[in-house]
>>> print(open('model39.txt').read())   # compact mmCIF, C-alpha atoms
# COMPACT_ATOMS: atom_id res chain seq x y z
CA MET A 1 -12.73 7.51 17.56
CA ILE A 2 -12.29 4.09 16.00
CA ARG A 3 -12.56 1.05 18.26
CA ILE A 4 -11.36 -2.26 16.80
CA HIS A 5 -12.47 -5.32 18.79
CA PHE A 6 -10.10 -8.32 18.76
CA THR A 7 -10.72 -11.90 19.79
CA ALA A 8 -7.83 -14.21 20.70
CA ASP A 9 -8.03 -15.65 17.18
CA ASP A 10 -7.77 -12.16 15.70
CA PHE A 11 -4.47 -11.45 17.46
CA ALA A 12 -3.12 -14.63 15.88
CA ARG A 13 -4.33 -13.41 12.48
CA VAL A 14 -2.87 -9.91 12.44
CA ARG A 15 -0.60 -9.68 9.44
CA PHE A 16 1.23 -7.03 7.49
CA ALA A 17 0.57 -6.68 3.77
CA PRO A 18 3.72 -8.11 2.14
CA ARG A 19 3.66 -5.57 -0.69
CA PRO A 20 1.79 -2.36 -1.57
CA SER A 21 -1.54 -2.55 -3.40
CA PRO A 22 -1.90 -0.12 -6.31
CA VAL A 23 -5.68 0.39 -6.20
CA PRO A 24 -6.07 1.46 -2.54
CA GLU A 25 -2.87 3.53 -2.73
CA LEU A 26 -4.25 5.26 -5.82
CA HIS A 27 -7.54 5.96 -4.08
CA ALA A 28 -5.70 7.36 -1.06
CA ALA A 29 -3.73 9.67 -3.37
CA LEU A 30 -6.90 10.83 -5.14
CA MET A 31 -8.59 11.55 -1.80
CA MET A 32 -5.52 13.52 -0.73
CA LEU A 33 -5.67 15.35 -4.05
CA GLY A 34 -9.18 16.52 -3.18
CA THR A 35 -8.42 17.39 0.44
CA PRO A 36 -7.79 21.14 0.90
CA HIS A 37 -5.65 20.62 4.02
CA GLU A 38 -1.88 20.49 4.54
CA GLU A 39 -1.24 23.03 1.81
CA LEU A 40 2.32 23.61 3.03
CA LEU A 41 3.35 19.95 2.56
CA PHE A 42 1.02 18.84 -0.23
CA GLY A 43 0.21 22.08 -2.07
CA ARG A 44 2.97 21.86 -4.68
CA TRP A 45 2.30 18.15 -5.26
CA ARG A 46 -1.44 18.77 -5.57
CA ASN A 47 -1.08 21.72 -7.96
CA GLY A 48 1.36 19.85 -10.18
CA LEU A 49 -0.86 16.79 -10.44
CA LEU A 50 -3.98 18.80 -11.17
CA ARG A 51 -2.18 20.38 -14.12
CA ARG A 52 -1.08 16.99 -15.47
CA LEU A 53 -4.21 14.90 -14.97
CA PRO A 54 -5.78 13.93 -18.30
CA GLY A 55 -9.48 14.48 -18.91
CA ALA A 56 -10.08 10.72 -18.81
CA VAL A 57 -9.64 10.82 -15.01
CA GLU A 58 -12.56 13.21 -14.41
CA PRO A 59 -15.28 10.52 -14.01
CA LEU A 60 -13.58 9.24 -10.85
CA ALA A 61 -14.57 12.46 -9.06
CA ASP A 62 -18.21 11.48 -9.58
CA LEU A 63 -17.65 8.34 -7.52
CA VAL A 64 -16.53 10.30 -4.45
CA PRO A 65 -18.54 13.56 -4.52
CA ASP A 66 -18.14 14.06 -0.75
CA GLY A 67 -14.85 12.25 -0.28
CA LEU A 68 -16.74 9.02 0.57
CA ALA A 69 -16.05 6.20 -1.87
CA PRO A 70 -18.57 3.38 -2.39
CA THR A 71 -17.52 0.20 -0.61
CA PHE A 72 -17.25 -1.89 -3.79
CA LEU A 73 -14.01 0.02 -4.50
CA ASP A 74 -12.46 -1.38 -1.29
CA VAL A 75 -10.17 -4.05 -2.70
CA LEU A 76 -6.50 -4.95 -2.39
CA GLY A 77 -4.64 -6.87 -5.11
CA ASP A 78 -0.91 -6.97 -5.83
CA THR A 79 -1.20 -5.33 -9.27
CA LEU A 80 -3.41 -2.74 -10.92
CA ASP A 81 -4.96 -5.41 -13.15
CA GLU A 82 -5.74 -7.60 -10.16
CA GLY A 83 -7.32 -4.73 -8.24
CA VAL A 84 -9.38 -3.66 -11.25
CA ALA A 85 -10.54 -7.26 -11.77
CA LEU A 86 -11.62 -7.53 -8.12
CA ILE A 87 -13.70 -4.37 -8.42
CA ARG A 88 -15.19 -5.50 -11.72
CA ALA A 89 -16.11 -8.86 -10.17
CA ALA A 90 -18.20 -7.23 -7.41
CA ARG A 91 -21.77 -8.49 -7.24
CA PRO A 92 -24.19 -6.14 -9.07
CA GLU A 93 -26.29 -5.64 -5.94
CA PHE A 94 -23.13 -4.66 -4.03
CA VAL A 95 -22.26 -2.05 -6.68
CA ARG A 96 -25.81 -0.68 -6.69
CA ALA A 97 -25.89 -0.42 -2.88
CA GLY A 98 -22.60 1.50 -2.86
CA LEU A 99 -23.72 3.97 -5.51
CA GLU A 100 -27.08 4.50 -3.81
CA GLN A 101 -25.28 5.27 -0.55
CA VAL A 102 -23.05 7.89 -2.22
CA TYR A 103 -25.95 9.49 -4.13
CA ALA A 104 -28.64 9.19 -1.49
CA ARG A 105 -29.30 12.95 -1.38
CA ARG A 106 -28.46 14.20 -4.87
CA PRO A 107 -29.10 13.24 -8.50
CA ALA A 108 -26.42 11.02 -9.99
CA PRO A 109 -24.65 11.94 -13.27
CA PRO A 110 -25.82 9.96 -16.31
CA TRP A 111 -22.79 7.67 -16.44
CA ILE A 112 -23.18 6.81 -12.74
CA ARG A 113 -26.81 5.89 -13.38
CA ALA A 114 -25.61 3.70 -16.24
CA LEU A 115 -23.00 2.09 -13.95
CA HIS A 116 -25.78 1.45 -11.43
CA GLY A 117 -27.57 -0.48 -14.15
CA GLY A 118 -24.47 -2.51 -15.07
CA ASP A 119 -23.96 -0.82 -18.45
CA ALA A 120 -20.81 -2.11 -20.20
CA ASP A 121 -19.91 1.32 -21.62
CA ALA A 122 -20.11 2.86 -18.15
CA TRP A 123 -17.73 0.22 -16.82
CA ARG A 124 -15.34 0.97 -19.69
CA THR A 125 -15.49 4.66 -18.75
CA TRP A 126 -14.55 3.75 -15.18
CA ASP A 127 -11.75 1.43 -16.33
CA ARG A 128 -10.21 4.12 -18.56
CA ALA A 129 -10.41 6.66 -15.73
CA GLN A 130 -8.81 4.27 -13.23
CA ARG A 131 -5.93 3.41 -15.53
CA ALA A 132 -5.35 7.02 -16.61
CA ALA A 133 -5.22 8.06 -12.95
CA TYR A 134 -2.71 5.31 -12.17
CA GLU A 135 -0.41 6.33 -15.04
CA SER A 136 -0.50 10.00 -14.00
CA VAL A 137 -0.44 9.70 -10.20
CA LEU A 138 1.21 6.42 -9.16
CA ALA A 139 3.26 4.97 -12.02
CA PRO A 140 6.03 7.62 -11.79
CA VAL A 141 6.57 6.90 -8.07
CA TRP A 142 5.59 3.24 -7.80
CA PRO A 143 9.20 1.94 -7.43
CA LEU A 144 9.67 4.43 -4.59
CA ILE A 145 6.44 3.28 -2.92
CA GLN A 146 7.64 -0.32 -3.16
CA ASP A 147 10.91 0.60 -1.43
CA LEU A 148 9.10 2.62 1.25
CA HIS A 149 6.80 -0.35 1.84
CA ARG A 150 9.77 -2.74 2.25
CA THR A 151 11.31 -0.38 4.78
CA GLU A 152 8.05 -0.14 6.72
CA PHE A 153 7.57 -3.92 6.60
CA THR A 154 11.03 -4.46 8.05
CA ARG A 155 10.41 -1.91 10.80
CA HIS A 156 7.14 -3.62 11.68
CA ALA A 157 8.66 -7.12 11.69
CA LEU A 158 11.47 -6.05 14.02
CA ALA A 159 9.05 -4.21 16.32
CA VAL A 160 6.86 -7.32 16.65
CA ALA A 161 9.93 -9.47 17.38
CA VAL A 162 11.22 -7.10 20.07
CA HIS A 163 8.06 -5.62 21.64
CA GLY A 164 5.18 -7.93 20.67
CA ILE A 165 2.05 -7.31 18.63
CA GLY A 166 0.26 -5.13 21.21
CA ALA A 167 2.98 -2.51 21.51
CA THR A 168 3.53 -2.59 17.76
CA LEU A 169 -0.12 -1.82 17.06
CA THR A 170 -0.25 1.17 19.39
CA ASP A 171 3.04 2.45 17.96
CA LEU A 172 1.36 2.75 14.55
CA ALA A 173 -1.02 5.36 15.94
CA PRO A 174 0.39 7.81 18.50
CA GLY A 175 -2.23 8.33 21.19
CA SER A 176 -3.97 5.02 20.58
CA ARG A 177 -4.21 2.33 23.23
CA LEU A 178 -5.02 -1.35 23.47
CA ARG A 179 -6.98 -2.53 26.47
CA ASP A 180 -9.27 -5.48 27.11
CA GLY A 181 -8.90 -6.61 23.52
CA VAL A 182 -10.04 -3.28 22.05
CA TRP A 183 -7.70 -1.01 20.06
CA GLU A 184 -8.90 2.56 20.53
CA TRP A 185 -7.74 5.09 17.97
CA PRO A 186 -8.72 8.74 18.70
CA LEU A 187 -9.54 10.93 15.70
CA PRO A 188 -9.24 14.63 16.60
CA GLY A 189 -12.05 16.72 15.19
CA VAL A 190 -14.21 13.69 14.32
CA GLU A 191 -17.38 13.12 16.30
CA GLY A 192 -18.84 9.75 17.15
CA VAL A 193 -17.34 6.28 17.47
CA ARG A 194 -16.91 3.68 14.74
CA GLU A 195 -16.96 0.13 16.07
CA VAL A 196 -15.17 -2.56 14.04
CA ARG A 197 -15.62 -6.13 15.28
CA LEU A 198 -13.14 -8.53 13.74
CA ALA A 199 -14.92 -11.64 15.08
CA GLY A 200 -12.13 -14.00 14.09
CA ARG A 201 -11.55 -12.56 10.59
CA GLY A 202 -8.17 -11.07 11.47
CA LEU A 203 -6.64 -7.76 10.43
CA ILE A 204 -4.33 -6.77 7.57
CA LEU A 205 -2.11 -3.77 8.25
CA ARG A 206 -1.13 -1.70 5.23
CA PRO A 207 0.93 1.48 5.19
CA THR A 208 -0.17 4.21 2.81
CA PHE A 209 2.27 6.86 1.65
CA HIS A 210 -0.16 9.49 0.35
CA TRP A 211 -2.93 9.72 2.94
CA ARG A 212 -2.01 11.86 5.98
CA HIS A 213 -5.17 11.74 8.11
CA GLY A 214 -6.88 9.01 10.13
CA PRO A 215 -6.85 5.31 9.29
CA LEU A 216 -8.70 4.01 6.24
CA ILE A 217 -10.56 0.82 7.11
CA GLN A 218 -11.91 -1.79 4.72
CA ASP A 219 -14.47 -3.78 6.71
CA LEU A 220 -16.35 -6.10 4.37
CA PRO A 221 -18.29 -9.22 5.34
CA ASP A 222 -16.45 -12.55 5.22
CA ARG A 223 -13.07 -10.91 4.61
CA PRO A 224 -10.25 -9.92 6.94
CA ALA A 225 -10.54 -6.26 7.86
CA ALA A 226 -7.79 -4.11 6.31
CA LEU A 227 -6.44 -0.99 7.97
CA ALA A 228 -4.34 1.53 6.05
CA TYR A 229 -2.35 3.88 8.25
CA PRO A 230 -0.26 6.93 7.27
CA ALA A 231 3.41 6.01 6.95
CA GLY A 232 6.58 7.25 5.32
CA ARG A 233 8.11 10.67 5.60
CA GLY A 234 4.96 12.77 5.83
CA LEU A 235 5.48 14.14 2.32
CA PRO A 236 3.98 12.98 -0.98
CA PRO A 237 6.26 10.51 -2.79
CA VAL A 238 7.96 12.15 -5.75
CA PRO A 239 10.68 10.82 -8.08
CA ASP A 240 14.08 12.41 -7.76
CA LYS A 241 15.28 14.94 -10.35
CA GLY A 242 17.21 12.29 -12.19
CA GLY A 243 14.03 10.33 -12.80
CA SER A 244 15.08 7.30 -10.73
CA PRO A 245 13.35 6.74 -7.40
CA ASP A 246 15.21 7.13 -4.16
CA GLU A 247 15.89 3.73 -2.61
CA PRO A 248 16.15 3.71 1.18
CA LEU A 249 18.05 0.40 1.17
CA ALA A 250 20.62 1.81 -1.24
CA GLY A 251 21.44 4.48 1.33
CA VAL A 252 22.30 1.76 3.83
CA LEU A 253 23.89 -0.93 1.68
CA GLY A 254 25.16 1.08 -1.26
CA ARG A 255 23.74 0.71 -4.76
CA THR A 256 26.26 -1.93 -5.90
CA ARG A 257 25.61 -4.24 -2.95
CA LEU A 258 21.85 -3.72 -3.28
CA ALA A 259 22.11 -4.63 -6.98
CA LEU A 260 24.16 -7.69 -6.07
CA LEU A 261 21.49 -8.91 -3.63
CA ARG A 262 18.79 -8.36 -6.21
CA CYS A 263 20.71 -10.52 -8.69
CA LEU A 264 20.41 -13.50 -6.36
CA ASP A 265 16.90 -14.66 -7.19
CA GLU A 266 18.69 -17.98 -7.66
CA PRO A 267 22.09 -19.02 -6.19
CA CYS A 268 24.84 -17.63 -8.37
CA THR A 269 28.61 -17.89 -8.80
CA THR A 270 30.94 -14.96 -8.26
CA THR A 271 31.47 -14.75 -12.02
CA GLY A 272 27.71 -14.69 -12.57
CA LEU A 273 27.32 -11.91 -10.01
CA ALA A 274 30.11 -9.87 -11.60
CA ARG A 275 28.50 -10.23 -15.01
CA GLY A 276 25.04 -9.42 -13.62
CA ILE A 277 26.03 -6.10 -12.04
CA GLY A 278 28.81 -5.14 -14.43
CA VAL A 279 31.87 -5.28 -12.14
CA SER A 280 35.04 -7.33 -11.95
CA ASN A 281 35.17 -10.72 -10.22
CA ALA A 282 37.36 -9.26 -7.49
CA THR A 283 34.88 -6.43 -6.81
CA ALA A 284 31.93 -8.84 -6.75
CA SER A 285 33.82 -11.10 -4.36
CA ALA A 286 34.62 -8.20 -2.01
CA HIS A 287 30.99 -7.04 -1.92
CA ALA A 288 29.80 -10.61 -1.36
CA SER A 289 32.18 -10.92 1.60
CA ALA A 290 30.78 -7.73 3.16
CA LEU A 291 27.20 -8.90 2.69
CA ARG A 292 28.05 -12.33 4.12
CA ALA A 293 29.53 -10.68 7.22
CA ALA A 294 26.29 -8.71 7.63
CA GLY A 295 24.21 -11.88 7.54
CA LEU A 296 22.60 -11.10 4.18
CA LEU A 297 24.35 -13.68 2.04
CA THR A 298 25.65 -17.25 2.35
CA THR A 299 28.42 -18.86 0.33
CA THR A 300 28.61 -22.58 -0.39
CA ARG A 301 31.63 -24.29 -1.96
CA THR A 302 31.25 -27.55 -3.87
CA GLY A 303 34.62 -28.68 -5.22
CA ARG A 304 35.98 -25.75 -7.19
CA SER A 305 32.54 -24.13 -7.56
CA VAL A 306 31.33 -21.33 -5.25
CA HIS A 307 27.68 -20.28 -5.09
CA HIS A 308 26.16 -17.33 -3.24
CA ALA A 309 22.57 -17.13 -2.01
CA ARG A 310 20.44 -14.62 -0.11
CA THR A 311 19.62 -15.28 3.53
CA PRO A 312 16.04 -15.02 4.93
CA LEU A 313 16.97 -11.61 6.38
CA ALA A 314 17.93 -10.40 2.91
CA GLU A 315 14.65 -11.72 1.52
CA LEU A 316 12.79 -9.82 4.22
CA LEU A 317 14.58 -6.58 3.37
CA LEU A 318 14.12 -6.92 -0.38
CA THR A 319 10.65 -8.31 -0.83
CA GLY A 320 8.77 -7.79 2.42
CA GLY A 321 8.46 -11.58 2.80
CA THR A 322 5.22 -13.51 2.69
CA ALA A 323 4.26 -13.59 6.36
CA GLY A 324 2.87 -10.82 8.45
CA GLY A 325 2.80 -9.96 12.13
>>> encode(input="model39.txt", output="structure tokens")
Amino acid sequence: MIRIHFTADDFARVRFAPRPSPVPELHAALMMLGTPHEELLFGRWRNGLLRRLPGAVEPLADLVPDGLAPTFLDVLGDTLDEGVALIRAARPEFVRAGLEQVYARRPAPPWIRALHGGDADAWRTWDRAQRAAYESVLAPVWPLIQDLHRTEFTRHALAVAVHGIGATLTDLAPGSRLRDGVWEWPLPGVEGVREVRLAGRGLILRPTFHWRHGPLIQDLPDRPAALAYPAGRGLPPVPDKGGSPDEPLAGVLGRTRLALLRCLDEPCTTTGLARGIGVSNATASAHASALRAAGLLTTTRTGRSVHHARTPLAELLLTGGTAGG
């Protein structure tokens, strides 16, 4: 069981990650790759990836010999480069402590010993492995993960608005409960209790679309705790046969209207919209009218000029916003 202790300040500081983070999502996928469970759902995905992984990825397995990653790898970051930079900026004593924890009962491979000593070549080995893994595992499905994250963000935002933060938290984990400021999350088959005390640091909620087991918690001193929970459709994200990722919003709005909304990073005229998405002015105007009726677009007329702009609801749907729960 995991027990997360909240103070009143912590409830005010619960937020939802506005966008997916490549590094922790990659690590979740690699852990799922090495987990021999759920063969029915993940077997084909796992077998295909293992055939495609380049040899440069192999050193990463040395960092998690028992499925337990050293804590210096627990970073967020909006891009792969940002996540890699955060890991590389970890204090040397923090890196050494993490490696010593992982290899407390076995001899470490030579390159891990070199990494423990801060060797530049060892860090380059790790960097190449991290980037090769990203290109093989995540890059082909990253647009899909971004869309899945936007959908999950919207679901969470609406749940908080309708039911409040307490009910929304327990809805993330069936069987969990919140009482007396403690969120209790049972973990079937896992012995013992892990206590996480937020102590005013707050909590970042982050869906992960590869990991299918219990929550993954980043609990580092002087930082908000981050909790990754299994989300999505229960299957590994894969690109469609045409090579373009499935977009959940396109199934609701239609691809043309979704493209129109995405053109509106700045207010735009009907002619500009038509040119941006490759349709006639009349078609762009008709789609803009439908989106305006749905509350996703506003139209402002100044003299003979008409400009369209996205509403806050549209921003929420498209980008996940910048505020959390």
>>> residues_around(input="model39.txt", residues="stretch 172-174 of chain A", least_positions_apart="5", cutoff="9 Å", atoms="all atoms listed in the file", output="list in words")
Ala167, Trp185, Pro186, Pro215, Tyr229, Pro230 and Ala231 of chain A
>>> residues_around(input="model39.txt", residues="A:Thr208", least_positions_apart="6", cutoff="12 Å", atoms="all atoms listed in the file", output="ChimeraX atom specification")
/A:17,19-29,32,145-146,148-149,152-153,172,214-217,226-237
>>> closest_atom_pairs(input="model39.txt", of="stretch 12-79 of chain A", to="stretch 97-114 of chain A", cutoff="10 Å", atoms="only C-alpha atoms", output="tab-separated table")
residue	atom	partner	partner_atom	distance
A:Pro59	CA	A:Trp111	CA	8.4
A:Asp62	CA	A:Pro109	CA	7.4
A:Leu63	CA	A:Val102	CA	7.6
A:Val64	CA	A:Val102	CA	7.3
A:Pro65	CA	A:Val102	CA	7.6
A:Asp66	CA	A:Val102	CA	8.0
A:Gly67	CA	A:Val102	CA	9.5
A:Leu68	CA	A:Val102	CA	7.0
A:Ala69	CA	A:Val102	CA	7.2
A:Pro70	CA	A:Gly98	CA	4.5
A:Thr71	CA	A:Gly98	CA	5.7
A:Phe72	CA	A:Gly98	CA	6.4
A:Leu73	CA	A:Gly98	CA	8.9
>>> closest_residue(input="model39.txt", among="A:Pro140, A:Leu317, A:Phe6, A:Asp119", to="A:Arg197", atoms="only C-alpha atoms")
A:Phe6
>>> atom_distance(input="model39.txt", atom1="atom CA of A:Ala89", atom2="atom CA of A:Ala129")
17.4 Å
>>> atom_distance(input="model39.txt", atom1="atom CA of A:Ala133", atom2="atom CA of A:Val95")
20.8 Å
>>> residues_around(input="model39.txt", residues="A:Asp81", least_positions_apart="3", cutoff="12 Å", atoms="only C-alpha atoms", output="list in words")
Ser21, Pro22, Val23, Val75, Leu76, Gly77, Asp78, Val84, Ala85, Leu86, Ile87, Arg88, Asp127, Gln130, Arg131 and Tyr134 of chain A
>>> residues_around(input="model39.txt", residues="stretch 51-55 of chain A", least_positions_apart="2", cutoff="10 Å", atoms="all atoms listed in the file", output="JSON, numbers by chain")
{"A": [46, 47, 48, 49, 57, 58, 59, 129, 132, 133, 135, 136, 137]}
>>> atom_distance(input="model39.txt", atom1="atom CA of A:Pro207", atom2="atom CA of A:Leu261")
24.7 Å
>>> residues_around(input="model39.txt", residues="A:Ala284", least_positions_apart="5", cutoff="7 Å", atoms="all atoms listed in the file", output="list in words")
Thr270, Leu273, Ala274 and Val279 of chain A
>>> write_last_selection(input="model39.txt", atoms="C-alpha atoms", output="mmCIF file, in the coordinates of the input")
data_model
loop_
_atom_site.group_PDB
_atom_site.id
_atom_site.type_symbol
_atom_site.label_atom_id
_atom_site.label_comp_id
_atom_site.auth_asym_id
_atom_site.auth_seq_id
_atom_site.Cartn_x
_atom_site.Cartn_y
_atom_site.Cartn_z
ATOM 1 C CA THR A 270 30.940 -14.960 -8.260
ATOM 2 C CA LEU A 273 27.320 -11.910 -10.010
ATOM 3 C CA ALA A 274 30.110 -9.870 -11.600
ATOM 4 C CA VAL A 279 31.870 -5.280 -12.140
#
>>> closest_residue(input="model39.txt", among="A:Ala294, A:Met31, A:Val193, A:Arg15", to="A:Trp211", atoms="all atoms listed in the file")
A:Met31
>>> build_atoms(input="model39.txt", residues="stretch 69-83 of chain A", atoms="N, CA and C atoms", output="mmCIF file, keeping the file's coordinate frame")
data_model
loop_
_atom_site.group_PDB
_atom_site.id
_atom_site.type_symbol
_atom_site.label_atom_id
_atom_site.label_comp_id
_atom_site.auth_asym_id
_atom_site.auth_seq_id
_atom_site.Cartn_x
_atom_site.Cartn_y
_atom_site.Cartn_z
ATOM 1 N N ALA A 69 -16.011 7.107 -0.743
ATOM 2 C CA ALA A 69 -16.050 6.200 -1.870
ATOM 3 C C ALA A 69 -17.004 5.040 -1.588
ATOM 4 N N PRO A 70 -17.718 4.550 -2.598
ATOM 5 C CA PRO A 70 -18.570 3.380 -2.390
ATOM 6 C C PRO A 70 -17.736 2.162 -2.010
ATOM 7 N N THR A 71 -18.307 1.300 -1.186
ATOM 8 C CA THR A 71 -17.520 0.200 -0.610
ATOM 9 C C THR A 71 -17.072 -0.823 -1.642
ATOM 10 N N PHE A 72 -17.695 -0.899 -2.815
ATOM 11 C CA PHE A 72 -17.250 -1.890 -3.790
ATOM 12 C C PHE A 72 -15.855 -1.565 -4.338
ATOM 13 N N LEU A 73 -15.367 -0.343 -4.094
ATOM 14 C CA LEU A 73 -14.010 0.020 -4.500
ATOM 15 C C LEU A 73 -12.960 -0.426 -3.495
ATOM 16 N N ASP A 74 -13.392 -0.955 -2.343
ATOM 17 C CA ASP A 74 -12.460 -1.380 -1.290
ATOM 18 C C ASP A 74 -11.899 -2.754 -1.610
ATOM 19 N N VAL A 75 -10.826 -2.789 -2.361
ATOM 20 C CA VAL A 75 -10.170 -4.050 -2.700
ATOM 21 C C VAL A 75 -8.669 -3.882 -2.501
ATOM 22 N N LEU A 76 -7.952 -4.998 -2.456
ATOM 23 C CA LEU A 76 -6.500 -4.950 -2.390
ATOM 24 C C LEU A 76 -5.956 -5.371 -3.760
ATOM 25 N N GLY A 77 -5.215 -6.462 -3.822
ATOM 26 C CA GLY A 77 -4.640 -6.870 -5.110
ATOM 27 C C GLY A 77 -3.209 -6.400 -5.241
ATOM 28 N N ASP A 78 -2.338 -7.289 -5.731
ATOM 29 C CA ASP A 78 -0.910 -6.970 -5.830
ATOM 30 C C ASP A 78 -0.568 -6.131 -7.060
ATOM 31 N N THR A 79 -1.449 -6.097 -8.052
ATOM 32 C CA THR A 79 -1.200 -5.330 -9.270
ATOM 33 C C THR A 79 -2.434 -4.504 -9.599
ATOM 34 N N LEU A 80 -2.261 -3.542 -10.483
ATOM 35 C CA LEU A 80 -3.410 -2.740 -10.920
ATOM 36 C C LEU A 80 -4.448 -3.631 -11.590
ATOM 37 N N ASP A 81 -4.010 -4.537 -12.463
ATOM 38 C CA ASP A 81 -4.960 -5.410 -13.150
ATOM 39 C C ASP A 81 -5.745 -6.264 -12.164
ATOM 40 N N GLU A 82 -5.056 -6.766 -11.137
ATOM 41 C CA GLU A 82 -5.740 -7.600 -10.160
ATOM 42 C C GLU A 82 -6.764 -6.788 -9.369
ATOM 43 N N GLY A 83 -6.392 -5.584 -8.963
ATOM 44 C CA GLY A 83 -7.320 -4.730 -8.240
ATOM 45 C C GLY A 83 -8.531 -4.356 -9.082
#
